[in-house]
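> Sharing run.tsv here; it has TSV, C-alpha atoms.
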chain	number	residue	atom	x	y	z
A	10	MET	CA	-50.18	9.35	5.43
A	11	LYS	CA	-49.50	9.63	1.70
A	12	LYS	CA	-48.24	13.20	2.08
A	13	SER	CA	-45.92	12.16	4.92
A	14	ALA	CA	-44.61	9.26	2.86
A	15	ILE	CA	-43.89	11.58	-0.06
A	16	TYR	CA	-42.05	14.03	2.20
A	17	LEU	CA	-40.03	11.11	3.63
A	18	LEU	CA	-39.05	9.91	0.18
A	19	ILE	CA	-38.00	13.41	-0.83
A	20	PHE	CA	-35.95	13.73	2.36
A	21	LEU	CA	-34.23	10.39	1.81
A	22	ALA	CA	-33.52	11.28	-1.80
A	23	SER	CA	-31.96	14.58	-0.76
A	24	ILE	CA	-29.73	12.78	1.75
A	25	SER	CA	-28.62	10.30	-0.90
A	26	SER	CA	-27.86	12.97	-3.48
A	27	SER	CA	-26.01	15.15	-1.00
A	28	PHE	CA	-23.82	12.18	-0.01
A	29	ALA	CA	-22.98	11.49	-3.65
A	30	GLN	CA	-21.31	14.83	-4.27
A	31	ALA	CA	-17.91	14.50	-5.89
A	32	VAL	CA	-15.10	16.51	-4.34
A	33	LYS	CA	-12.93	17.98	-7.08
A	34	VAL	CA	-9.28	16.96	-7.02
A	35	GLU	CA	-6.75	18.57	-9.32
A	36	ILE	CA	-3.02	18.89	-9.68
A	37	GLN	CA	-1.68	22.41	-9.98
A	38	SER	CA	1.62	23.12	-11.68
A	39	GLU	CA	3.70	25.74	-9.91
A	40	LYS	CA	7.07	27.36	-10.40
A	41	ASN	CA	8.89	24.93	-8.13
A	42	GLY	CA	6.81	21.79	-8.71
A	43	PHE	CA	3.27	20.56	-8.17
A	44	THR	CA	0.50	20.75	-5.57
A	45	MET	CA	-2.55	18.54	-5.28
A	46	LEU	CA	-5.72	20.49	-4.52
A	47	ARG	CA	-8.80	18.85	-3.02
A	48	ASP	CA	-11.85	21.07	-2.87
A	49	GLY	CA	-9.51	23.95	-3.70
A	50	LYS	CA	-7.17	23.34	-0.75
A	51	PRO	CA	-3.65	21.87	-0.77
A	52	TYR	CA	-3.76	18.14	-0.04
A	53	TYR	CA	-0.65	16.10	0.76
A	54	ILE	CA	-1.21	12.35	0.99
A	55	LYS	CA	-0.38	10.82	4.37
A	56	GLY	CA	-1.73	7.45	3.48
A	57	ALA	CA	-1.64	3.72	4.01
A	58	CYS	CA	-2.51	0.65	1.98
A	59	ALA	CA	-5.39	-0.56	4.12
A	60	TRP	CA	-8.61	-2.56	4.22
A	61	ALA	CA	-9.24	-1.98	7.92
A	62	HIS	CA	-8.25	-0.07	11.07
A	63	TYR	CA	-9.39	3.23	9.56
A	64	ASP	CA	-10.09	4.60	13.03
A	65	LYS	CA	-6.46	4.12	14.03
A	66	LEU	CA	-5.23	5.57	10.76
A	67	LYS	CA	-7.24	8.75	11.26
A	68	ALA	CA	-6.34	9.03	14.96
A	69	TYR	CA	-2.64	8.66	14.15
A	70	GLY	CA	-2.61	11.44	11.56
A	71	GLY	CA	-3.25	9.59	8.30
A	72	ASN	CA	-5.65	11.03	5.73
A	73	SER	CA	-5.97	8.52	2.89
A	74	ILE	CA	-6.11	4.83	1.98
A	75	ARG	CA	-5.17	2.97	-1.16
A	76	LEU	CA	-7.13	0.01	-2.57
A	77	TRP	CA	-6.05	-2.27	-5.42
A	78	THR	CA	-9.48	-3.13	-6.86
A	79	THR	CA	-13.10	-2.00	-6.91
A	80	GLU	CA	-14.25	-5.19	-5.16
A	81	ASN	CA	-16.55	-4.07	-2.30
A	82	ALA	CA	-15.52	-0.51	-3.18
A	83	LYS	CA	-18.76	1.06	-1.92
A	84	TYR	CA	-18.19	-0.42	1.53
A	85	TYR	CA	-14.60	0.82	1.75
A	86	LEU	CA	-15.41	4.24	0.31
A	87	ASP	CA	-18.22	4.67	2.84
A	88	LYS	CA	-16.01	3.53	5.73
A	89	ALA	CA	-13.23	5.86	4.66
A	90	HIS	CA	-15.66	8.77	4.38
A	91	GLU	CA	-17.03	8.04	7.87
A	92	HIS	CA	-13.50	8.46	9.23
A	93	GLY	CA	-12.61	11.53	7.18
A	94	LEU	CA	-10.26	9.64	4.86
A	95	THR	CA	-9.90	9.72	1.08
A	96	VAL	CA	-9.36	6.76	-1.24
A	97	THR	CA	-7.10	6.08	-4.17
A	98	LEU	CA	-9.27	3.45	-5.82
A	99	GLY	CA	-7.65	0.76	-7.92
A	100	LEU	CA	-9.00	-0.40	-11.26
A	101	PHE	CA	-7.69	-3.95	-11.56
A	102	LEU	CA	-6.10	-4.79	-14.89
A	103	GLU	CA	-5.44	-8.41	-15.76
A	104	PRO	CA	-1.64	-8.86	-16.00
A	105	GLU	CA	0.08	-10.54	-18.91
A	106	ARG	CA	1.85	-12.85	-16.44
A	107	LYS	CA	-1.54	-14.44	-15.71
A	108	GLY	CA	-2.19	-15.18	-19.36
A	109	PHE	CA	-4.04	-12.04	-20.44
A	110	ASP	CA	-3.32	-11.17	-24.07
A	111	TYR	CA	-3.28	-7.44	-24.81
A	112	ASN	CA	-3.32	-8.28	-28.53
A	113	ASP	CA	-6.82	-9.71	-28.08
A	114	LYS	CA	-8.97	-6.70	-28.92
A	115	ALA	CA	-12.20	-8.34	-27.77
A	116	GLU	CA	-10.82	-9.17	-24.32
A	117	VAL	CA	-9.24	-5.73	-23.96
A	118	LYS	CA	-12.57	-4.10	-24.84
A	119	LYS	CA	-14.41	-6.37	-22.40
A	120	GLN	CA	-12.02	-5.28	-19.64
A	121	PHE	CA	-12.37	-1.62	-20.66
A	122	ASP	CA	-16.18	-1.79	-20.61
A	123	PHE	CA	-16.25	-3.41	-17.19
A	124	LEU	CA	-13.89	-0.84	-15.69
A	125	LYS	CA	-15.80	2.03	-17.28
A	126	GLY	CA	-18.85	0.74	-15.46
A	127	GLU	CA	-16.90	0.75	-12.20
A	128	VAL	CA	-15.78	4.33	-12.81
A	129	LEU	CA	-19.34	5.46	-13.49
A	130	LYS	CA	-20.51	3.66	-10.37
A	131	HIS	CA	-18.05	5.30	-7.95
A	132	LYS	CA	-16.92	8.58	-9.57
A	133	ASP	CA	-19.15	10.83	-7.45
A	134	HIS	CA	-18.30	9.37	-4.06
A	135	PRO	CA	-16.99	12.17	-1.80
A	136	ALA	CA	-14.16	10.00	-0.47
A	137	LEU	CA	-12.66	9.34	-3.90
A	138	LEU	CA	-9.25	10.95	-4.39
A	139	MET	CA	-7.92	9.44	-7.63
A	140	TRP	CA	-8.00	6.37	-9.86
A	141	GLY	CA	-5.16	3.83	-9.85
A	142	ILE	CA	-5.24	2.03	-13.21
A	143	GLY	CA	-3.51	-1.33	-12.78
A	144	ASN	CA	-0.93	-2.49	-10.27
A	145	GLU	CA	2.53	-3.63	-11.39
A	146	VAL	CA	1.21	-4.86	-14.74
A	147	GLU	CA	4.70	-4.60	-16.20
A	148	LEU	CA	6.08	-7.48	-14.11
A	149	PHE	CA	7.14	-10.32	-16.42
A	150	ALA	CA	5.32	-8.61	-19.30
A	151	THR	CA	6.56	-8.12	-22.86
A	152	ASN	CA	3.61	-6.58	-24.72
A	153	PRO	CA	3.75	-2.75	-24.69
A	154	LYS	CA	0.06	-2.58	-25.65
A	155	VAL	CA	-0.78	-2.78	-21.95
A	156	TRP	CA	0.23	0.90	-21.79
A	157	ASN	CA	-2.21	1.75	-24.58
A	158	ALA	CA	-4.93	-0.01	-22.61
A	159	ILE	CA	-4.05	2.04	-19.54
A	160	ASN	CA	-4.10	5.28	-21.50
A	161	ASP	CA	-7.45	4.41	-23.07
A	162	LEU	CA	-8.87	4.10	-19.56
A	163	ALA	CA	-7.22	7.33	-18.42
A	164	LYS	CA	-8.64	9.16	-21.44
A	165	MET	CA	-12.11	7.73	-20.79
A	166	ILE	CA	-11.93	8.84	-17.15
A	167	LYS	CA	-11.04	12.37	-18.22
A	168	ASP	CA	-14.25	12.41	-20.27
A	169	VAL	CA	-16.66	10.93	-17.71
A	170	ASP	CA	-14.98	12.07	-14.48
A	171	PRO	CA	-13.04	15.33	-14.79
A	172	ASN	CA	-12.97	15.63	-10.98
A	173	HIS	CA	-10.31	12.99	-10.25
A	174	PRO	CA	-6.75	12.42	-11.52
A	175	THR	CA	-5.51	9.14	-12.98
A	176	THR	CA	-2.35	7.18	-12.30
A	177	THR	CA	-0.89	3.69	-12.66
A	178	MET	CA	1.09	1.78	-10.05
A	179	LEU	CA	4.55	0.51	-11.01
A	180	ALA	CA	6.97	-1.89	-9.35
A	181	GLY	CA	9.77	0.58	-8.80
A	182	VAL	CA	10.81	2.67	-11.78
A	183	PRO	CA	10.76	0.17	-14.69
A	184	GLU	CA	13.64	1.66	-16.61
A	185	LYS	CA	13.08	-0.45	-19.74
A	186	GLU	CA	9.43	0.64	-19.86
A	187	MET	CA	9.67	4.36	-19.07
A	188	SER	CA	9.94	5.43	-22.71
A	189	ASN	CA	6.82	3.36	-23.51
A	190	ILE	CA	4.94	4.86	-20.56
A	191	ILE	CA	5.81	8.43	-21.53
A	192	LYS	CA	4.98	7.80	-25.21
A	193	ARG	CA	1.87	5.64	-24.82
A	194	CYS	CA	0.28	7.12	-21.66
A	195	PRO	CA	0.03	10.89	-22.22
A	196	ASP	CA	-3.34	11.06	-20.44
A	197	LEU	CA	-2.02	9.89	-17.06
A	198	ASP	CA	-1.85	12.78	-14.60
A	199	LEU	CA	0.86	11.26	-12.41
A	200	LEU	CA	2.80	8.05	-11.78
A	201	SER	CA	2.64	5.88	-8.68
A	202	ILE	CA	5.73	3.97	-7.62
A	203	ASN	CA	5.89	0.95	-5.32
A	204	ALA	CA	9.39	1.00	-3.84
A	205	PHE	CA	11.09	-0.27	-0.72
A	206	LYS	CA	14.87	-0.45	-0.36
A	207	ASP	CA	15.21	1.20	-3.77
A	208	LEU	CA	13.01	4.12	-2.68
A	209	GLU	CA	16.11	6.29	-2.39
A	210	ASN	CA	16.66	6.04	-6.16
A	211	VAL	CA	13.10	6.70	-7.36
A	212	HIS	CA	13.31	10.48	-7.79
A	213	THR	CA	16.65	10.32	-9.60
A	214	LYS	CA	15.51	7.53	-11.92
A	215	LEU	CA	12.31	9.34	-12.87
A	216	GLN	CA	14.25	12.49	-13.68
A	217	ALA	CA	16.83	10.52	-15.64
A	218	HIS	CA	14.10	9.03	-17.83
A	219	GLY	CA	12.43	12.37	-18.48
A	220	TRP	CA	9.31	12.11	-16.32
A	221	LYS	CA	8.11	15.71	-15.97
A	222	LYS	CA	4.81	15.17	-14.18
A	223	PRO	CA	4.26	14.54	-10.46
A	224	TYR	CA	4.28	11.15	-8.75
A	225	ILE	CA	3.36	9.48	-5.48
A	226	ILE	CA	4.88	6.56	-3.62
A	227	SER	CA	2.01	4.08	-3.67
A	228	GLU	CA	3.71	1.38	-1.58
A	229	TRP	CA	6.75	1.72	0.63
A	230	GLY	CA	8.15	0.27	3.82
A	231	PRO	CA	11.04	-1.91	4.98
A	232	ASP	CA	13.44	-3.66	2.63
A	233	GLY	CA	11.51	-6.03	0.38
A	234	TYR	CA	12.21	-9.75	0.72
A	235	TRP	CA	13.60	-9.62	-2.83
A	236	GLU	CA	16.15	-7.03	-1.62
A	237	THR	CA	17.43	-8.73	1.55
A	238	LYS	CA	20.34	-11.02	2.18
A	239	THR	CA	19.60	-14.73	2.16
A	240	THR	CA	20.70	-17.78	4.11
A	241	LYS	CA	23.07	-20.39	2.73
A	242	TRP	CA	19.98	-22.38	1.76
A	243	ASP	CA	18.65	-19.41	-0.24
A	244	ARG	CA	15.84	-18.18	2.02
A	245	PHE	CA	15.28	-14.47	2.65
A	246	ILE	CA	16.21	-13.02	6.05
A	247	GLU	CA	13.43	-11.01	7.71
A	248	ASP	CA	14.48	-8.21	10.04
A	249	ASN	CA	12.67	-7.71	13.33
A	250	SER	CA	9.98	-5.05	13.78
A	251	THR	CA	12.34	-2.54	15.40
A	252	VAL	CA	14.76	-2.62	12.46
A	253	LYS	CA	11.80	-2.22	10.09
A	254	ALA	CA	10.45	0.71	12.12
A	255	GLU	CA	13.76	2.52	11.76
A	256	GLN	CA	13.59	1.97	8.00
A	257	TYR	CA	10.12	3.54	7.90
A	258	LYS	CA	11.39	6.55	9.82
A	259	VAL	CA	14.56	7.10	7.83
A	260	ARG	CA	12.88	6.68	4.44
A	261	TYR	CA	10.06	9.07	5.20
A	262	GLU	CA	12.28	11.77	6.70
A	263	ARG	CA	15.16	11.54	4.22
A	264	ILE	CA	13.45	10.60	0.97
A	265	ILE	CA	9.68	11.16	0.84
A	266	LYS	CA	9.34	14.50	2.65
A	267	PRO	CA	12.26	16.22	0.89
A	268	SER	CA	10.69	15.34	-2.50
A	269	LYS	CA	7.42	17.22	-1.86
A	270	ASN	CA	7.78	19.49	-4.88
A	271	GLN	CA	7.17	16.56	-7.24
A	272	CYS	CA	6.08	13.77	-4.88
A	273	LEU	CA	2.50	14.46	-3.75
A	274	GLY	CA	2.54	12.00	-0.85
A	275	SER	CA	2.67	8.31	-0.11
A	276	TYR	CA	0.91	5.15	1.05
A	277	VAL	CA	2.80	3.09	3.61
A	278	PHE	CA	2.58	-0.68	3.18
A	279	LEU	CA	0.74	-2.35	4.93
A	280	TRP	CA	-1.74	-0.97	7.52
A	281	GLY	CA	-3.04	-4.34	8.63
A	282	HIS	CA	-1.86	-7.93	8.22
A	283	LYS	CA	-1.03	-9.96	5.15
A	284	GLN	CA	0.72	-13.21	4.32
A	285	GLU	CA	3.47	-12.32	1.85
A	286	ARG	CA	6.39	-14.70	2.28
A	287	SER	CA	5.61	-14.50	6.01
A	288	HIS	CA	2.61	-13.28	8.02
A	289	THR	CA	4.73	-10.60	9.68
A	290	TYR	CA	6.87	-9.29	6.82
A	291	PHE	CA	4.78	-6.27	5.82
A	292	SER	CA	2.10	-6.50	8.53
A	293	MET	CA	2.10	-3.30	10.59
A	294	ILE	CA	-0.91	-4.51	12.59
A	295	LEU	CA	-1.04	-8.19	13.51
A	296	GLU	CA	-3.96	-10.59	13.08
A	297	SER	CA	-4.63	-10.11	16.80
A	298	GLY	CA	-5.00	-6.35	16.29
A	299	HIS	CA	-1.76	-5.56	18.12
A	300	GLU	CA	0.26	-2.71	16.62
A	301	THR	CA	3.92	-3.10	15.72
A	302	GLU	CA	6.52	-0.41	16.19
A	303	GLY	CA	6.02	0.67	12.58
A	304	VAL	CA	2.60	2.06	13.53
A	305	ASP	CA	4.17	4.06	16.37
A	306	VAL	CA	6.70	5.53	13.95
A	307	MET	CA	4.05	6.52	11.41
A	308	LYS	CA	2.10	8.35	14.11
A	309	TYR	CA	5.28	10.23	14.97
A	310	LEU	CA	5.98	11.03	11.31
A	311	TRP	CA	2.42	12.25	10.68
A	312	THR	CA	1.81	14.13	13.96
A	313	GLY	CA	5.19	14.70	15.61
A	314	LYS	CA	4.17	12.59	18.62
A	315	TYR	CA	4.54	8.94	19.54
A	316	PRO	CA	1.61	7.00	21.07
A	317	GLU	CA	1.37	7.07	24.85
A	318	HIS	CA	1.73	3.29	24.98
A	319	ARG	CA	4.35	2.11	22.53
A	320	ALA	CA	4.92	-1.30	20.97
A	321	PRO	CA	7.87	-3.43	22.14
A	322	ARG	CA	11.26	-2.26	20.91
A	323	ILE	CA	13.52	-5.22	20.25
A	324	LYS	CA	17.18	-5.03	21.18
A	325	GLU	CA	18.16	-8.57	20.23
A	326	ALA	CA	16.62	-11.87	19.17
A	327	THR	CA	18.69	-15.06	19.07
A	328	ILE	CA	18.53	-18.84	18.91
A	329	ASN	CA	21.31	-20.53	20.86
A	330	ASN	CA	22.97	-17.09	21.06
A	331	LYS	CA	23.10	-16.79	17.27
A	332	GLY	CA	21.47	-14.00	15.30
A	333	LEU	CA	19.46	-13.76	12.07
A	334	ARG	CA	22.45	-13.73	9.75
A	335	ASP	CA	24.38	-16.57	11.39
A	336	ASN	CA	22.93	-19.38	9.23
A	337	ILE	CA	21.51	-21.29	12.18
A	338	TYR	CA	21.26	-25.07	11.84
A	339	LEU	CA	19.30	-27.11	14.39
A	340	LYS	CA	19.58	-30.88	14.71
A	341	PRO	CA	16.36	-32.92	14.94
A	342	GLY	CA	15.43	-34.05	18.44
A	343	THR	CA	17.62	-31.50	20.22
A	344	LYS	CA	16.67	-28.83	22.74
A	345	ASN	CA	17.34	-25.25	21.61
A	346	THR	CA	16.85	-21.88	23.30
A	347	ALA	CA	15.27	-18.81	21.71
A	348	THR	CA	15.80	-15.46	23.44
A	349	VAL	CA	14.45	-11.96	22.85
A	350	LYS	CA	15.71	-8.87	24.65
A	351	LEU	CA	13.84	-5.56	24.64
A	352	GLN	CA	15.12	-2.01	24.86
A	353	GLU	CA	15.46	-1.02	28.52
A	354	GLU	CA	12.78	1.69	28.42
A	355	ASN	CA	9.92	-0.72	27.66
A	356	THR	CA	10.48	-4.09	29.28
A	357	VAL	CA	7.40	-4.20	31.52
A	358	GLY	CA	3.83	-5.28	30.83
A	359	PHE	CA	4.29	-7.50	27.78
A	360	THR	CA	3.23	-11.07	27.13
A	361	TYR	CA	5.54	-13.20	25.02
A	362	TYR	CA	4.05	-15.71	22.59
A	363	TRP	CA	6.33	-17.97	20.57
A	364	GLU	CA	5.53	-19.61	17.24
A	365	ILE	CA	7.40	-21.96	14.93
A	366	ILE	CA	6.21	-21.70	11.33
A	367	PRO	CA	7.71	-23.50	8.32
A	368	GLU	CA	8.90	-21.56	5.29
A	369	SER	CA	6.04	-20.78	2.95
A	370	GLU	CA	5.95	-22.66	-0.33
A	371	ASP	CA	3.02	-20.62	-1.67
A	372	LEU	CA	5.13	-17.92	-3.31
A	373	ARG	CA	3.43	-15.47	-5.68
A	374	ASP	CA	4.27	-12.27	-7.52
A	375	GLY	CA	2.77	-8.79	-7.72
A	376	GLY	CA	1.44	-8.85	-4.15
A	377	GLU	CA	-1.06	-11.63	-4.84
A	378	GLY	CA	-2.51	-13.39	-1.80
A	379	GLU	CA	-0.58	-16.30	-0.31
A	380	THR	CA	-1.57	-19.00	2.18
A	381	LYS	CA	-0.07	-18.86	5.66
A	382	PRO	CA	1.67	-22.12	6.64
A	383	PRO	CA	0.40	-23.92	9.77
A	384	VAL	CA	1.91	-23.12	13.16
A	385	LEU	CA	4.03	-25.97	14.54
A	386	ASN	CA	3.82	-25.09	18.21
A	387	THR	CA	4.03	-28.70	19.39
A	388	ALA	CA	7.78	-28.09	19.22
A	389	ILE	CA	7.51	-25.44	21.97
A	390	PRO	CA	6.74	-26.71	25.50
A	391	ASN	CA	5.30	-23.36	26.63
A	392	PRO	CA	4.55	-20.96	23.73
A	393	LEU	CA	2.87	-18.42	26.04
A	394	ALA	CA	5.35	-16.94	28.50
Would you mind writing the file out in structure tokens?

Amino acid sequence: MKKSAIYLLIFLASISSSFAQAVKVEIQSEKNGFTMLRDGKPYYIKGACAWAHYDKLKAYGGNSIRLWTTENAKYYLDKAHEHGLTVTLGLFLEPERKGFDYNDKAEVKKQFDFLKGEVLKHKDHPALLMWGIGNEVELFATNPKVWNAINDLAKMIKDVDPNHPTTTMLAGVPEKEMSNIIKRCPDLDLLSINAFKDLENVHTKLQAHGWKKPYIISEWGPDGYWETKTTKWDRFIEDNSTVKAEQYKVRYERIIKPSKNQCLGSYVFLWGHKQERSHTYFSMILESGHETEGVDVMKYLWTGKYPEHRAPRIKEATINNKGLRDNIYLKPGTKNTATVKLQEENTVGFTYYWEIIPESEDLRDGGEGETKPPVLNTAIPNPLA
């Protein structure tokens, strides 16, 4: 019995150690640009910002996920590995806008030490692709020492984990900060840009500010709510899912793919659901698990084929025959009619469910979690049609 137990322990130990084998990722400079190599083979990121639905992501042609923090990182790394996906793993930096003082050496060191521990904990996971140091830390920030803190982490990672590149995620190309980034962050291997409507200007802006290294698009999708037109009462106007899907398609085909020499891939935002100004704004997969047309488009962009069963394609949505940009006013106590028309090729087999939701007052910055307002469906006689 003792001998068998010893053999079993040795076997389990060998399984554990074989699972914890880092896969080397490096960026190779070439005559016409850059190539990411994973395990010695070219690797172009076809990714999504995602906490779930990894099976769908893999089946639809995706190969990588992006996470913002190391919270529950082992679980997500394991799940990604099970589905043959890689992970850009975020190292969360406290932003100045939340009161963190990058002049406070003790607090900066405390943050550094914690994140070094996280790096040591996860650096050998086979699903790990690269480290994302901070997300949009420059928003509403004035202290350039945040870039020194980022570079200190990048330099540390080079010492303890030479197998994985380092990057930091920026809200667009922060033109006032680019000189600081280039000067203070020499140890970053690449930049990561979160960009939506302004995606078309990213490559030009980076070149204009002298960025010579590669980059990825770490968040992208439809026009951001900060980039849309507003109503007369100053509320953003959210396009329907079909308009958003077309924006995904156009931006990938016309902007991301043609920039492959310097852009090493992208992470579409968001493969799942999230309340950010509304519960549908960036949600490619609804709380119910139903896929929007944006998912169909990404499958086409990654594989060249649409799903067999496609999401509804909206032709028109109105209230009292008025559209999104008509500044619709409704009087209390009156009866009003909402109508949605689908494209002719897919009008059969759908269930319509209507919701009335008040404007969110829980408005945050930097992608922080918001609370979804309650549904007011007492105003609809028959929400399920």
> Mind checking which residues fall within 10 Å of Phe43 (chain A), counting all atoms listed in the file, ignoring those fewer than 5 positions away in the same chain, and posting them as a PyMOL selection string?
chain A and resi 36-38+222-224+269-273
> CA of Tyr63 (chain A) and CA of Met178 (chain A), how far apart in Å?
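Atom-to-atom, CA of Met178 (chain A) to CA of Tyr63 (chain A), that is 22.3 Å.
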> In terms of the shortest atom-to-atom distance over all atoms listed in the file, which of A:Lys114, A:Lys164, A:Lys185, A:His62 is closest to Leu197 (chain A)?
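Among the listed residues, A:Lys164 lies closest to Leu197 (chain A).
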> Using Å and a single decimal, report how far CA of Leu66 (chain A) sits from CA of Ile202 (chain A).
21.5 Å
> Ile264 (chain A): which residues within 7 Å, counting only C-alpha atoms, same-chain residues fewer than 4 positions away excluded, as a ChimeraX atom specification?
/A:209,260,268
> Within 12 Å of Lys331 (chain A), counting all atoms listed in the file, which residues qualify if same-chain residues fewer than 3 places away don't, as number ranges by chain?
A: 325-328, 334-339, 345-349
> Near region 138-142 of chain A, within 6 Å and counting all atoms listed in the file, which residues show up once chain neighbours fewer than 3 positions away are dropped, as a ChimeraX atom specification?
/A:95-100,173-177
> Find, counting all atoms listed in the file, the residue in A:Gly230, A:Pro367, A:Pro267, A:Gly219 that gets nearest to Gly303 (chain A).
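Of A:Gly230, A:Pro367, A:Pro267, A:Gly219, the one nearest Gly303 (chain A), counting all atoms listed in the file, is A:Gly230.
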> Report the distance between CA of Thr380 (chain A) and CA of Gln284 (chain A) in Å, rounded to one decimal place.
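Answer for the CA of Thr380 (chain A) to CA of Gln284 (chain A) separation: 6.6 Å.
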> Which neighbours of Lys253 (chain A) fall inside 9 Å, counting only C-alpha atoms, when residues of the same chain fewer than 5 positions from it are skipped, and could you give them as a ChimeraX atom specification?
/A:230-232,248,258,302-303
> With only C-alpha atoms as the basis for distance, which of A:Val32, A:Trp60, A:Gly42, A:Ala217 is at the shortest distance from Asn81 (chain A)?
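Result for the nearest residue to Asn81 (chain A): A:Trp60.
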> Restricting the calculation to all atoms listed in the file: of A:Ile323, A:Leu148, A:Leu179, A:Val155, which residue gets closest to Trp229 (chain A)?
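For Trp229 (chain A), the nearest of the candidates is A:Leu179.
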> Which of these, A:Lys118, A:His218, A:Lys55, A:Lys283, has the shortest distance to Leu295 (chain A) once you count only C-alpha atoms?
A:Lys283
> Taking all atoms listed in the file into account, which of A:Trp280, A:Tyr52, A:Phe101, A:Phe123 comes nearest Met293 (chain A)?
A:Trp280
> Up to 12 Å from (6.2, -16.3, -6.8) in the file's coordinates: name the residues, counting only C-alpha atoms, as a PyMOL selection string.
chain A and resi 106-107+148-149+234-235+285-286+369-379
> Place N, CA and C atoms on region 175-188 of chain A and deliver the coordinates as a PDB file, keeping the file's coordinate frame.

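Output (result12.pdb):
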ATOM      1  N   THR A 175      -5.778  10.541 -12.686  1.00  0.00           N
ATOM      2  CA  THR A 175      -5.510   9.140 -12.980  1.00  0.00           C
ATOM      3  C   THR A 175      -4.019   8.848 -12.847  1.00  0.00           C
ATOM      4  N   THR A 176      -3.727   7.614 -12.452  1.00  0.00           N
ATOM      5  CA  THR A 176      -2.350   7.180 -12.300  1.00  0.00           C
ATOM      6  C   THR A 176      -2.286   5.688 -12.566  1.00  0.00           C
ATOM      7  N   THR A 177      -1.086   5.135 -12.633  1.00  0.00           N
ATOM      8  CA  THR A 177      -0.890   3.690 -12.660  1.00  0.00           C
ATOM      9  C   THR A 177       0.235   3.349 -11.707  1.00  0.00           C
ATOM     10  N   MET A 178       0.140   2.179 -11.069  1.00  0.00           N
ATOM     11  CA  MET A 178       1.090   1.780 -10.050  1.00  0.00           C
ATOM     12  C   MET A 178       2.167   0.875 -10.657  1.00  0.00           C
ATOM     13  N   LEU A 179       3.418   1.217 -10.429  1.00  0.00           N
ATOM     14  CA  LEU A 179       4.550   0.510 -11.010  1.00  0.00           C
ATOM     15  C   LEU A 179       5.415  -0.122  -9.936  1.00  0.00           C
ATOM     16  N   ALA A 180       6.045  -1.231 -10.277  1.00  0.00           N
ATOM     17  CA  ALA A 180       6.970  -1.890  -9.350  1.00  0.00           C
ATOM     18  C   ALA A 180       8.334  -1.219  -9.482  1.00  0.00           C
ATOM     19  N   GLY A 181       8.571  -0.225  -8.641  1.00  0.00           N
ATOM     20  CA  GLY A 181       9.770   0.580  -8.800  1.00  0.00           C
ATOM     21  C   GLY A 181       9.656   1.433 -10.056  1.00  0.00           C
ATOM     22  N   VAL A 182      10.786   1.928 -10.513  1.00  0.00           N
ATOM     23  CA  VAL A 182      10.810   2.670 -11.780  1.00  0.00           C
ATOM     24  C   VAL A 182      11.286   1.683 -12.846  1.00  0.00           C
ATOM     25  N   PRO A 183      10.378   1.172 -13.681  1.00  0.00           N
ATOM     26  CA  PRO A 183      10.760   0.170 -14.690  1.00  0.00           C
ATOM     27  C   PRO A 183      11.515   0.825 -15.835  1.00  0.00           C
ATOM     28  N   GLU A 184      12.825   0.845 -15.712  1.00  0.00           N
ATOM     29  CA  GLU A 184      13.640   1.660 -16.610  1.00  0.00           C
ATOM     30  C   GLU A 184      13.486   1.271 -18.088  1.00  0.00           C
ATOM     31  N   LYS A 185      13.249  -0.012 -18.351  1.00  0.00           N
ATOM     32  CA  LYS A 185      13.080  -0.450 -19.740  1.00  0.00           C
ATOM     33  C   LYS A 185      11.716  -0.044 -20.301  1.00  0.00           C
ATOM     34  N   GLU A 186      10.789   0.314 -19.416  1.00  0.00           N
ATOM     35  CA  GLU A 186       9.430   0.640 -19.860  1.00  0.00           C
ATOM     36  C   GLU A 186       9.120   2.139 -19.827  1.00  0.00           C
ATOM     37  N   MET A 187      10.003   2.949 -19.259  1.00  0.00           N
ATOM     38  CA  MET A 187       9.670   4.360 -19.070  1.00  0.00           C
ATOM     39  C   MET A 187       9.415   5.083 -20.393  1.00  0.00           C
ATOM     40  N   SER A 188      10.173   4.761 -21.419  1.00  0.00           N
ATOM     41  CA  SER A 188       9.940   5.430 -22.710  1.00  0.00           C
ATOM     42  C   SER A 188       8.565   5.053 -23.261  1.00  0.00           C
TER      43      SER A 188
END
